$ cat protein-v8.csv   # CSV, C-alpha atoms
chain,number,residue,atom,x,y,z
S,1,MET,CA,8.0,-7.5,-3.7
S,2,ALA,CA,10.2,-9.4,-1.3
S,3,ASN,CA,8.6,-11.7,1.3
S,4,ARG,CA,11.6,-13.1,3.1
S,5,ARG,CA,14.6,-11.6,5.0
S,6,GLY,CA,17.0,-13.1,2.5
S,7,SER,CA,15.5,-11.1,-0.4
S,8,LYS,CA,16.6,-7.8,1.0
S,9,THR,CA,19.6,-7.6,-1.3
S,10,GLN,CA,17.4,-7.4,-4.4
S,11,VAL,CA,16.6,-3.7,-3.8
S,12,GLY,CA,19.8,-2.3,-5.3
S,13,GLN,CA,23.6,-2.5,-5.3
S,14,ASP,CA,24.2,1.2,-4.6
S,15,LYS,CA,21.9,1.2,-1.5
S,16,SER,CA,23.8,3.8,0.5
S,17,ASP,CA,24.0,6.3,-2.3
S,18,THR,CA,20.3,5.9,-3.2
S,19,VAL,CA,19.0,6.1,0.3
S,20,ALA,CA,21.1,9.2,1.1
S,21,SER,CA,19.5,10.9,-1.9
S,22,ILE,CA,16.0,10.7,-0.6
S,23,PRO,CA,16.1,13.8,1.7
S,24,ARG,CA,17.5,15.9,-1.2
S,25,ALA,CA,14.8,14.5,-3.5
S,26,CYS,CA,12.1,15.7,-1.0
S,27,SER,CA,13.4,19.3,-1.1
S,28,ASP,CA,14.8,19.9,-4.7
S,29,GLU,CA,12.7,19.4,-7.8
S,30,GLN,CA,15.6,18.4,-10.2
S,31,ALA,CA,16.9,16.0,-7.6
S,32,ALA,CA,13.4,14.5,-7.2
S,33,VAL,CA,13.0,14.0,-10.9
S,34,GLU,CA,16.4,12.4,-11.3
S,35,PHE,CA,15.7,10.2,-8.2
S,36,VAL,CA,12.4,8.9,-9.7
S,37,GLU,CA,14.0,8.4,-13.1
S,38,ARG,CA,16.7,6.1,-11.5
S,39,GLN,CA,14.1,4.2,-9.6
S,40,ARG,CA,12.0,3.7,-12.7
S,41,TRP,CA,14.5,3.2,-15.4
S,42,GLY,CA,17.9,2.5,-13.7
S,43,GLU,CA,20.7,3.1,-16.2
S,44,SER,CA,18.5,2.4,-19.2
S,45,PRO,CA,15.8,5.1,-19.7
S,46,ALA,CA,13.1,4.0,-22.2
S,47,CYS,CA,10.1,5.6,-23.8
S,48,PRO,CA,7.0,4.7,-21.8
S,49,ARG,CA,4.9,4.7,-25.0
S,50,CYS,CA,6.9,2.5,-27.4
S,51,GLY,CA,9.6,1.0,-25.2
S,52,ASP,CA,12.5,2.3,-27.3
S,53,THR,CA,15.7,2.9,-25.4
S,54,ASP,CA,17.0,5.4,-28.1
S,55,VAL,CA,16.0,8.4,-26.1
S,56,GLY,CA,17.6,11.7,-25.0
S,57,LYS,CA,17.1,14.5,-22.5
S,58,MET,CA,15.8,17.8,-23.8
S,59,MET,CA,18.1,20.6,-22.6
S,60,GLY,CA,17.3,24.1,-21.5
S,61,SER,CA,18.4,27.4,-22.9
S,62,GLU,CA,21.5,27.5,-20.8
S,63,PRO,CA,24.3,24.9,-21.4
S,64,SER,CA,24.2,21.7,-19.4
S,65,THR,CA,20.8,22.5,-17.9
S,66,ARG,CA,17.7,20.4,-18.4
S,67,ASN,CA,14.4,21.6,-19.8
S,68,LYS,CA,12.2,23.2,-17.2
S,69,ARG,CA,9.6,20.4,-17.7
S,70,PHE,CA,12.3,17.7,-17.5
S,71,LEU,CA,11.3,16.4,-20.9
S,72,TRP,CA,12.8,13.5,-22.9
S,73,ARG,CA,12.5,12.8,-26.6
S,74,CYS,CA,12.1,9.4,-28.1
S,75,HIS,CA,14.0,8.9,-31.4
S,76,GLY,CA,11.8,6.0,-32.2
S,77,CYS,CA,8.2,7.3,-32.0
S,78,LYS,CA,9.4,11.0,-32.1
S,79,LYS,CA,7.3,11.9,-29.1
S,80,GLN,CA,8.2,13.8,-25.9
S,81,PHE,CA,7.7,12.3,-22.5
S,82,THR,CA,8.6,12.7,-18.8
S,83,VAL,CA,9.1,10.2,-16.0
S,84,ARG,CA,5.5,10.8,-14.9
S,85,ILE,CA,4.0,9.1,-18.0
S,86,GLY,CA,2.5,5.7,-17.2
S,87,THR,CA,2.7,6.1,-13.4
S,88,VAL,CA,0.5,7.4,-10.6
S,89,PHE,CA,2.2,10.8,-11.1
S,90,GLU,CA,0.7,11.2,-14.6
S,91,ASP,CA,-1.3,14.4,-15.2
S,92,SER,CA,-0.5,15.6,-11.8
S,93,ARG,CA,0.7,19.2,-11.3
S,94,ILE,CA,2.1,18.5,-7.9
S,95,PRO,CA,5.9,18.8,-7.9
S,96,LEU,CA,7.7,15.5,-7.8
S,97,ARG,CA,9.6,16.6,-4.7
S,98,HIS,CA,6.2,16.6,-2.8
S,99,TRP,CA,5.5,13.1,-4.3
S,100,CYS,CA,8.9,11.9,-3.0
S,101,TYR,CA,8.1,13.3,0.5
S,102,GLY,CA,4.6,11.7,0.4
S,103,PHE,CA,6.1,8.3,-0.5
S,104,TRP,CA,8.8,8.6,2.2
S,105,ALA,CA,6.4,9.7,4.9
S,106,ALA,CA,4.0,6.9,4.1
S,107,CYS,CA,6.8,4.3,4.1
S,108,ALA,CA,8.6,5.6,7.2
S,109,SER,CA,5.6,5.9,9.5
S,110,LYS,CA,4.5,2.5,10.9
S,111,LYS,CA,0.9,3.8,11.3
S,112,GLY,CA,0.8,6.0,8.2
S,113,VAL,CA,0.6,9.7,7.7
S,114,SER,CA,-2.5,11.9,7.3
S,115,ALA,CA,-3.2,14.2,4.4
S,116,LEU,CA,-3.4,17.1,6.9
S,117,GLN,CA,0.2,16.4,7.9
S,118,ILE,CA,1.3,16.3,4.3
S,119,LYS,CA,-0.6,19.6,3.8
S,120,ARG,CA,1.3,21.2,6.6
S,121,GLN,CA,4.7,19.9,5.5
S,122,THR,CA,4.4,20.7,1.8
S,123,GLY,CA,2.0,23.7,1.5
S,124,LEU,CA,-0.4,21.8,-0.8
S,125,SER,CA,-4.1,22.2,-0.4
S,126,TYR,CA,-5.8,19.5,1.6
S,127,LYS,CA,-7.7,18.3,-1.5
S,128,SER,CA,-4.4,17.9,-3.4
S,129,ALA,CA,-2.6,16.2,-0.5
S,130,LEU,CA,-5.5,13.7,0.0
S,131,PHE,CA,-5.6,12.8,-3.7
S,132,MET,CA,-1.8,12.4,-3.8
S,133,MET,CA,-1.9,10.1,-0.8
S,134,HIS,CA,-4.7,8.0,-2.3
S,135,ARG,CA,-2.5,7.6,-5.4
S,136,ILE,CA,0.4,6.5,-3.3
S,137,ARG,CA,-1.8,3.9,-1.6
S,138,PHE,CA,-2.9,2.8,-5.0
S,139,ALA,CA,0.7,2.3,-6.0
S,140,MET,CA,1.3,0.2,-2.9
S,141,ALA,CA,-1.5,-2.2,-3.7
S,142,PRO,CA,0.1,-5.3,-5.2
S,143,THR,CA,-0.7,-6.7,-8.6
S,144,ASN,CA,-0.8,-10.4,-9.3
S,145,GLU,CA,2.8,-10.3,-10.4
S,146,GLU,CA,4.0,-8.5,-7.3
S,147,ASP,CA,2.2,-10.4,-4.5
S,148,GLY,CA,4.7,-13.3,-4.4
S,149,GLY,CA,2.3,-16.2,-4.9
S,150,GLN,CA,0.1,-18.0,-2.4
S,151,LEU,CA,0.8,-18.3,1.3
S,152,THR,CA,2.3,-21.5,2.6
S,153,GLY,CA,3.1,-23.3,5.9
S,154,THR,CA,1.2,-22.3,9.0
S,155,VAL,CA,-1.4,-19.6,8.1
S,156,GLU,CA,-3.5,-17.6,10.5
S,157,MET,CA,-6.9,-16.1,9.5
S,158,ASP,CA,-9.1,-13.6,11.3
S,159,GLU,CA,-11.5,-10.8,10.7
S,160,CYS,CA,-12.1,-7.3,12.3
S,161,TYR,CA,-14.5,-4.5,11.9
S,162,VAL,CA,-13.5,-0.9,11.1
S,163,GLY,CA,-15.5,2.3,11.3
S,164,GLY,CA,-18.9,2.9,12.7
S,165,ARG,CA,-18.6,6.4,14.0
S,166,SER,CA,-20.6,9.3,12.7
S,167,ARG,CA,-18.6,12.0,10.7
S,168,TYR,CA,-21.2,14.7,11.3
S,169,LYS,CA,-21.2,17.1,14.3
S,170,GLY,CA,-24.1,16.9,16.6
S,171,HIS,CA,-24.7,13.1,16.1
S,172,ARG,CA,-24.3,11.4,19.4
S,173,ARG,CA,-24.1,7.6,19.7
S,174,VAL,CA,-25.5,5.6,22.6
S,175,GLY,CA,-23.3,2.5,23.3
S,176,ARG,CA,-20.9,0.9,20.9
S,177,PRO,CA,-21.4,0.7,17.2
S,178,SER,CA,-22.7,-2.6,16.0
S,179,PRO,CA,-20.9,-4.8,13.4
S,180,ARG,CA,-23.6,-3.8,10.8
S,181,GLU,CA,-22.4,-0.2,11.0
S,182,LYS,CA,-18.8,-1.2,10.4
S,183,THR,CA,-16.8,-2.5,7.4
S,184,PRO,CA,-15.4,-6.0,7.8
S,185,VAL,CA,-11.7,-6.6,7.0
S,186,ILE,CA,-10.2,-10.1,6.7
S,187,ALA,CA,-6.5,-10.9,7.0
S,188,ILE,CA,-4.6,-14.0,6.2
S,189,VAL,CA,-1.0,-14.1,7.6
S,190,GLU,CA,1.8,-16.6,6.8
S,191,ARG,CA,3.8,-17.0,10.0
S,192,GLY,CA,7.2,-15.3,9.5
S,193,GLY,CA,6.1,-14.1,6.1
S,194,ARG,CA,3.4,-12.1,4.3
S,195,VAL,CA,-0.1,-10.9,4.9
S,196,ARG,CA,-3.1,-10.7,2.6
S,197,ALA,CA,-5.7,-8.3,3.8
S,198,ARG,CA,-8.8,-6.9,2.2
S,199,ALA,CA,-12.0,-5.0,3.0
S,200,VAL,CA,-15.0,-7.2,2.2
S,201,PRO,CA,-18.8,-6.7,2.1
S,202,ASP,CA,-19.4,-9.5,4.6
S,203,VAL,CA,-17.8,-12.5,6.4
S,204,THR,CA,-20.0,-15.2,5.0
S,205,ALA,CA,-18.7,-18.7,4.1
S,206,ALA,CA,-18.6,-17.8,0.4
S,207,THR,CA,-16.4,-14.7,1.0
S,208,LEU,CA,-14.0,-16.4,3.3
S,209,LYS,CA,-13.7,-19.5,1.1
S,210,GLN,CA,-12.9,-17.4,-1.9
S,211,ALA,CA,-10.2,-15.5,0.0
S,212,LEU,CA,-8.6,-18.8,1.2
S,213,GLN,CA,-8.6,-20.4,-2.2
S,214,GLU,CA,-7.1,-17.3,-3.8
S,215,HIS,CA,-4.3,-16.6,-1.4
S,216,VAL,CA,-3.5,-19.9,0.4
S,217,GLU,CA,-1.9,-23.1,-1.0
S,218,SER,CA,-3.9,-26.3,-0.4
S,219,SER,CA,-0.9,-27.8,1.6
S,220,ALA,CA,-1.1,-25.1,4.3
S,221,ARG,CA,-2.2,-25.5,7.9
S,222,ILE,CA,-4.9,-23.1,8.9
S,223,ILE,CA,-5.4,-21.6,12.4
S,224,THR,CA,-8.4,-19.5,13.3
S,225,ASP,CA,-10.6,-18.6,16.3
S,226,GLU,CA,-13.8,-20.5,17.0
S,227,PHE,CA,-16.0,-18.7,14.5
S,228,ASN,CA,-18.2,-21.5,13.1
S,229,VAL,CA,-17.9,-20.5,9.4
S,230,TYR,CA,-14.1,-21.4,9.4
S,231,ARG,CA,-14.9,-25.1,10.0
S,232,THR,CA,-16.6,-25.3,6.6
S,233,VAL,CA,-14.3,-23.1,4.5
S,234,THR,CA,-11.1,-24.8,5.7
S,235,ARG,CA,-12.0,-28.3,4.6
S,236,GLY,CA,-9.7,-29.7,2.0
S,237,PHE,CA,-6.5,-28.1,3.3
S,238,GLU,CA,-3.9,-30.8,3.7
S,239,GLY,CA,-2.3,-29.2,6.8
S,240,GLY,CA,-5.6,-29.3,8.7
S,241,HIS,CA,-7.5,-26.7,10.6
S,242,GLU,CA,-7.0,-25.9,14.3
S,243,THR,CA,-8.7,-23.3,16.5
S,244,VAL,CA,-8.4,-21.4,19.7
S,245,CYS,CA,-11.5,-20.6,21.8
S,246,HIS,CA,-11.3,-16.9,22.7
S,247,SER,CA,-14.8,-17.0,24.3
S,248,ALA,CA,-13.3,-19.5,26.9
S,249,LYS,CA,-10.3,-17.2,27.4
S,250,GLU,CA,-8.0,-19.6,25.5
S,251,TYR,CA,-5.5,-17.6,23.5
S,252,VAL,CA,-2.5,-20.0,23.1
S,253,ARG,CA,-2.3,-23.8,23.0
S,254,GLY,CA,1.2,-24.9,22.1
S,255,ASP,CA,1.8,-23.3,18.7
S,256,VAL,CA,-1.9,-22.8,18.1
S,257,HIS,CA,-2.8,-19.1,18.3
S,258,THR,CA,-3.9,-16.2,16.2
S,259,ASN,CA,-1.5,-13.7,17.8
S,260,THR,CA,0.2,-12.9,14.5
S,261,VAL,CA,-2.8,-11.9,12.5
S,262,GLU,CA,-4.2,-10.0,15.6
S,263,GLY,CA,-0.8,-8.1,15.7
S,264,PHE,CA,-1.4,-7.0,12.1
S,265,PHE,CA,-5.0,-5.8,13.0
S,266,SER,CA,-3.6,-3.9,16.1
S,267,ILE,CA,-1.4,-1.8,13.8
S,268,LEU,CA,-4.2,-1.3,11.3
S,269,LYS,CA,-6.6,-0.1,14.0
S,270,ARG,CA,-4.1,2.1,15.8
S,271,GLY,CA,-3.3,3.7,12.5
S,272,ILE,CA,-6.9,4.3,11.5
S,273,ASN,CA,-7.9,5.5,15.0
S,274,GLY,CA,-4.8,7.5,15.8
S,275,THR,CA,-3.6,8.9,12.5
S,276,PHE,CA,-6.6,9.0,10.1
S,277,HIS,CA,-9.3,9.1,12.8
S,278,ALA,CA,-12.1,8.2,10.3
S,279,VAL,CA,-11.9,6.2,7.0
S,280,SER,CA,-14.9,5.9,4.8
S,281,ARG,CA,-16.1,2.5,3.6
S,282,LYS,CA,-15.4,3.6,0.0
S,283,HIS,CA,-11.7,4.2,0.5
S,284,LEU,CA,-10.9,1.7,3.2
S,285,HIS,CA,-9.5,-0.8,0.8
S,286,ARG,CA,-6.7,1.6,-0.1
S,287,TYR,CA,-5.7,2.1,3.5
S,288,VAL,CA,-5.7,-1.6,4.0
S,289,SER,CA,-3.3,-1.9,1.0
S,290,GLU,CA,-1.0,0.6,2.6
S,291,PHE,CA,-0.8,-1.3,5.8
S,292,GLN,CA,-0.3,-4.6,4.0
S,293,PHE,CA,2.6,-3.1,1.9
S,294,ARG,CA,4.4,-1.9,5.1
S,295,TYR,CA,3.9,-5.2,6.8
S,296,ASN,CA,5.2,-7.2,3.8
S,297,THR,CA,8.3,-5.0,3.6
S,298,ARG,CA,8.9,-4.8,7.4
S,299,TRP,CA,12.4,-6.2,7.0
S,300,TYR,CA,13.5,-3.3,4.9
S,301,ASP,CA,14.7,0.1,6.2
S,302,ASP,CA,12.7,3.2,5.4
S,303,GLY,CA,14.8,4.2,2.4
S,304,ASP,CA,14.6,0.8,0.7
S,305,ARG,CA,10.8,0.6,1.4
S,306,THR,CA,10.4,4.0,-0.2
S,307,MET,CA,12.3,2.9,-3.3
S,308,LEU,CA,10.1,-0.2,-3.6
S,309,ALA,CA,6.9,1.9,-3.3
S,310,ILE,CA,8.1,4.3,-6.0
S,311,GLN,CA,9.1,1.5,-8.3
S,312,ALA,CA,5.6,-0.1,-7.7
S,313,ALA,CA,4.0,3.1,-9.1
S,314,ASP,CA,5.1,2.2,-12.6
S,315,GLY,CA,2.3,1.0,-14.8
S,316,LYS,CA,-0.5,2.2,-12.4
S,317,ARG,CA,-2.9,5.0,-12.8
S,318,LEU,CA,-5.7,6.4,-10.6
S,319,THR,CA,-7.6,9.4,-11.9
S,320,TYR,CA,-9.6,11.8,-9.8
S,321,ARG,CA,-12.8,10.6,-11.5
S,322,GLN,CA,-12.0,7.0,-10.4
S,323,GLN,CA,-11.3,8.1,-6.9
S,324,VAL,CA,-14.6,10.0,-6.3
S,325,ALA,CA,-16.7,7.5,-8.2
S,326,HIS,CA,-19.3,5.7,-6.1
$ encode --input "protein-v8.csv" --output "structure tokens"
Amino acid sequence: MANRRGSKTQVGQDKSDTVASIPRACSDEQAAVEFVERQRWGESPACPRCGDTDVGKMMGSEPSTRNKRFLWRCHGCKKQFTVRIGTVFEDSRIPLRHWCYGFWAACASKKGVSALQIKRQTGLSYKSALFMMHRIRFAMAPTNEEDGGQLTGTVEMDECYVGGRSRYKGHRRVGRPSPREKTPVIAIVERGGRVRARAVPDVTAATLKQALQEHVESSARIITDEFNVYRTVTRGFEGGHETVCHSAKEYVRGDVHTNTVEGFFSILKRGINGTFHAVSRKHLHRYVSEFQFRYNTRWYDDGDRTMLAIQAADGKRLTYRQQVAH
């Protein structure tokens, strides 16, 4: 995944042709299959089981038409496969054109797209649309190889709390929900660069220190608000630790501020409150991954961002049993 403006050219050489094919891929099944095949394999299709490139398309009963299931045959291991094998699409009966639309909608909407909207646009059931969107968010979650390394330079860190509203009718709340009823989310932002965000069980010193050590280089300069825990967990960073005192209505002091990380939180909260309305604690981490992906690819246009998300689906798998597990 790119993390700088200059990396934008890495997406592909035939950008205009590929981006122009996305609308067709969202409406025609064969176009969708061929589009996903190009994103996954490029010009060198390979067997997802053994890696052999000596493969061929299985044709249909009519000349020059593909098999109805869009099968390939590997001449190495002698097995059949499709482009779905080894991705988040595997074992899904949802047509690939709906998957392409789901990826495009999630990548083109700054605040995300709800499963109800996908249901209305595609005709899928709500259960299928929700499961598909969870798989798409799972594809957007970066692996260790995709996260681009640790954050450097000036880094801002902050926390927010998400949720706290009852999902059952008839439950009335008096006053605002307390932090105990909400799920904490921490975010670390490299100014002019990437964000690392995650839902956490608490905001103790141990949790914050682990996040900093995992995602931030020791040479970085850390900027936070006046939360006392940060004084302890930021010790040892060569760039030092500076704070702004929000309780005293201090928000900017020279270049010392947390406006960048708060900007990320504002997009996250507006998406959850305005698009999804309610997100359970169990699935919040996937929504956070979705917003992190869009933020880290904000210099790309919608088409390129969609291609990156589909390419990130390779090698990832989320089953329904894993999704509903407690």
$ atom_distance --input "protein-v8.csv" --atom1 "atom CA of Val162 of chain S" --atom2 "atom CA of Thr183 of chain S"
5.2 Å
$ residues_around --input "protein-v8.csv" --residues "segment 36-43 of chain S" --least-positions-apart "2" --cutoff "6 Å" --atoms "all atoms listed in the file" --output "VMD selection string"
chain S and resid 33 to 34 45 83 311
$ atom_distance --input "protein-v8.csv" --atom1 "atom CA of Glu90 of chain S" --atom2 "atom CA of Gly102 of chain S"
15.5 Å
$ residues_around --input "protein-v8.csv" --residues "Gln322 of chain S" --least-positions-apart "6" --cutoff "12 Å" --atoms "all atoms listed in the file" --output "ChimeraX atom specification"
/S:131,134-135,138,282-283
$ closest_residue --input "protein-v8.csv" --among "S:Tyr251, S:Phe264, S:Trp72, S:Phe81" --to "Gly60 of chain S" --atoms "all atoms listed in the file"
S:Trp72
$ residues_near_point --input "protein-v8.csv" --point "(0.4, -3.1, 13.8)" --cutoff "10 Å" --atoms "all atoms listed in the file" --output "ChimeraX atom specification"
/S:110-111,260-271,291-292,294-295
$ atom_distance --input "protein-v8.csv" --atom1 "atom CA of Leu151 of chain S" --atom2 "atom CA of Val189 of chain S"
7.8 Å
$ closest_residue --input "protein-v8.csv" --among "S:Leu124, S:Asp225, S:Arg69, S:Glu159" --to "Lys249 of chain S" --atoms "all atoms listed in the file"
S:Asp225
$ decode --input "protein-v8.csv" --residues "segment 46-58 of chain S" --atoms "N, CA, C and O atoms" --output "PDB file, in the first residue's frame"
ATOM      1  N   ALA S  46      -2.115 -17.664 -12.718  1.00  0.00           N
ATOM      2  CA  ALA S  46      -1.416 -18.767 -12.058  1.00  0.00           C
ATOM      3  C   ALA S  46      -2.387 -19.545 -11.188  1.00  0.00           C
ATOM      4  O   ALA S  46      -3.387 -19.003 -10.701  1.00  0.00           O
ATOM      5  N   CYS S  47      -2.093 -20.815 -10.991  1.00  0.00           N
ATOM      6  CA  CYS S  47      -2.919 -21.666 -10.139  1.00  0.00           C
ATOM      7  C   CYS S  47      -2.766 -21.225  -8.685  1.00  0.00           C
ATOM      8  O   CYS S  47      -1.638 -21.162  -8.178  1.00  0.00           O
ATOM      9  N   PRO S  48      -3.850 -20.913  -7.987  1.00  0.00           N
ATOM     10  CA  PRO S  48      -3.737 -20.478  -6.589  1.00  0.00           C
ATOM     11  C   PRO S  48      -3.342 -21.601  -5.643  1.00  0.00           C
ATOM     12  O   PRO S  48      -2.978 -21.337  -4.497  1.00  0.00           O
ATOM     13  N   ARG S  49      -3.405 -22.845  -6.121  1.00  0.00           N
ATOM     14  CA  ARG S  49      -3.061 -23.979  -5.253  1.00  0.00           C
ATOM     15  C   ARG S  49      -1.580 -24.330  -5.336  1.00  0.00           C
ATOM     16  O   ARG S  49      -0.913 -24.502  -4.318  1.00  0.00           O
ATOM     17  N   CYS S  50      -1.039 -24.465  -6.561  1.00  0.00           N
ATOM     18  CA  CYS S  50       0.356 -24.887  -6.701  1.00  0.00           C
ATOM     19  C   CYS S  50       1.254 -23.793  -7.268  1.00  0.00           C
ATOM     20  O   CYS S  50       2.464 -23.946  -7.293  1.00  0.00           O
ATOM     21  N   GLY S  51       0.678 -22.687  -7.747  1.00  0.00           N
ATOM     22  CA  GLY S  51       1.471 -21.588  -8.278  1.00  0.00           C
ATOM     23  C   GLY S  51       1.915 -21.756  -9.714  1.00  0.00           C
ATOM     24  O   GLY S  51       2.610 -20.874 -10.253  1.00  0.00           O
ATOM     25  N   ASP S  52       1.543 -22.850 -10.370  1.00  0.00           N
ATOM     26  CA  ASP S  52       1.960 -23.101 -11.753  1.00  0.00           C
ATOM     27  C   ASP S  52       1.299 -22.097 -12.692  1.00  0.00           C
ATOM     28  O   ASP S  52       0.111 -21.798 -12.576  1.00  0.00           O
ATOM     29  N   THR S  53       2.074 -21.563 -13.625  1.00  0.00           N
ATOM     30  CA  THR S  53       1.528 -20.613 -14.608  1.00  0.00           C
ATOM     31  C   THR S  53       1.070 -21.301 -15.890  1.00  0.00           C
ATOM     32  O   THR S  53       0.567 -20.628 -16.798  1.00  0.00           O
ATOM     33  N   ASP S  54       1.233 -22.626 -15.968  1.00  0.00           N
ATOM     34  CA  ASP S  54       0.763 -23.379 -17.131  1.00  0.00           C
ATOM     35  C   ASP S  54      -0.702 -23.711 -16.912  1.00  0.00           C
ATOM     36  O   ASP S  54      -1.072 -24.808 -16.515  1.00  0.00           O
ATOM     37  N   VAL S  55      -1.555 -22.714 -17.156  1.00  0.00           N
ATOM     38  CA  VAL S  55      -2.992 -22.862 -16.915  1.00  0.00           C
ATOM     39  C   VAL S  55      -3.750 -22.425 -18.161  1.00  0.00           C
ATOM     40  O   VAL S  55      -3.208 -21.746 -19.038  1.00  0.00           O
ATOM     41  N   GLY S  56      -5.013 -22.816 -18.232  1.00  0.00           N
ATOM     42  CA  GLY S  56      -5.834 -22.442 -19.373  1.00  0.00           C
ATOM     43  C   GLY S  56      -7.289 -22.287 -18.994  1.00  0.00           C
ATOM     44  O   GLY S  56      -7.774 -22.926 -18.053  1.00  0.00           O
ATOM     45  N   LYS S  57      -7.981 -21.414 -19.726  1.00  0.00           N
ATOM     46  CA  LYS S  57      -9.405 -21.212 -19.487  1.00  0.00           C
ATOM     47  C   LYS S  57     -10.185 -22.418 -19.991  1.00  0.00           C
ATOM     48  O   LYS S  57      -9.875 -22.971 -21.042  1.00  0.00           O
ATOM     49  N   MET S  58     -11.225 -22.789 -19.265  1.00  0.00           N
ATOM     50  CA  MET S  58     -12.138 -23.843 -19.713  1.00  0.00           C
ATOM     51  C   MET S  58     -13.267 -23.165 -20.481  1.00  0.00           C
ATOM     52  O   MET S  58     -13.909 -22.240 -19.980  1.00  0.00           O
TER      53      MET S  58
END
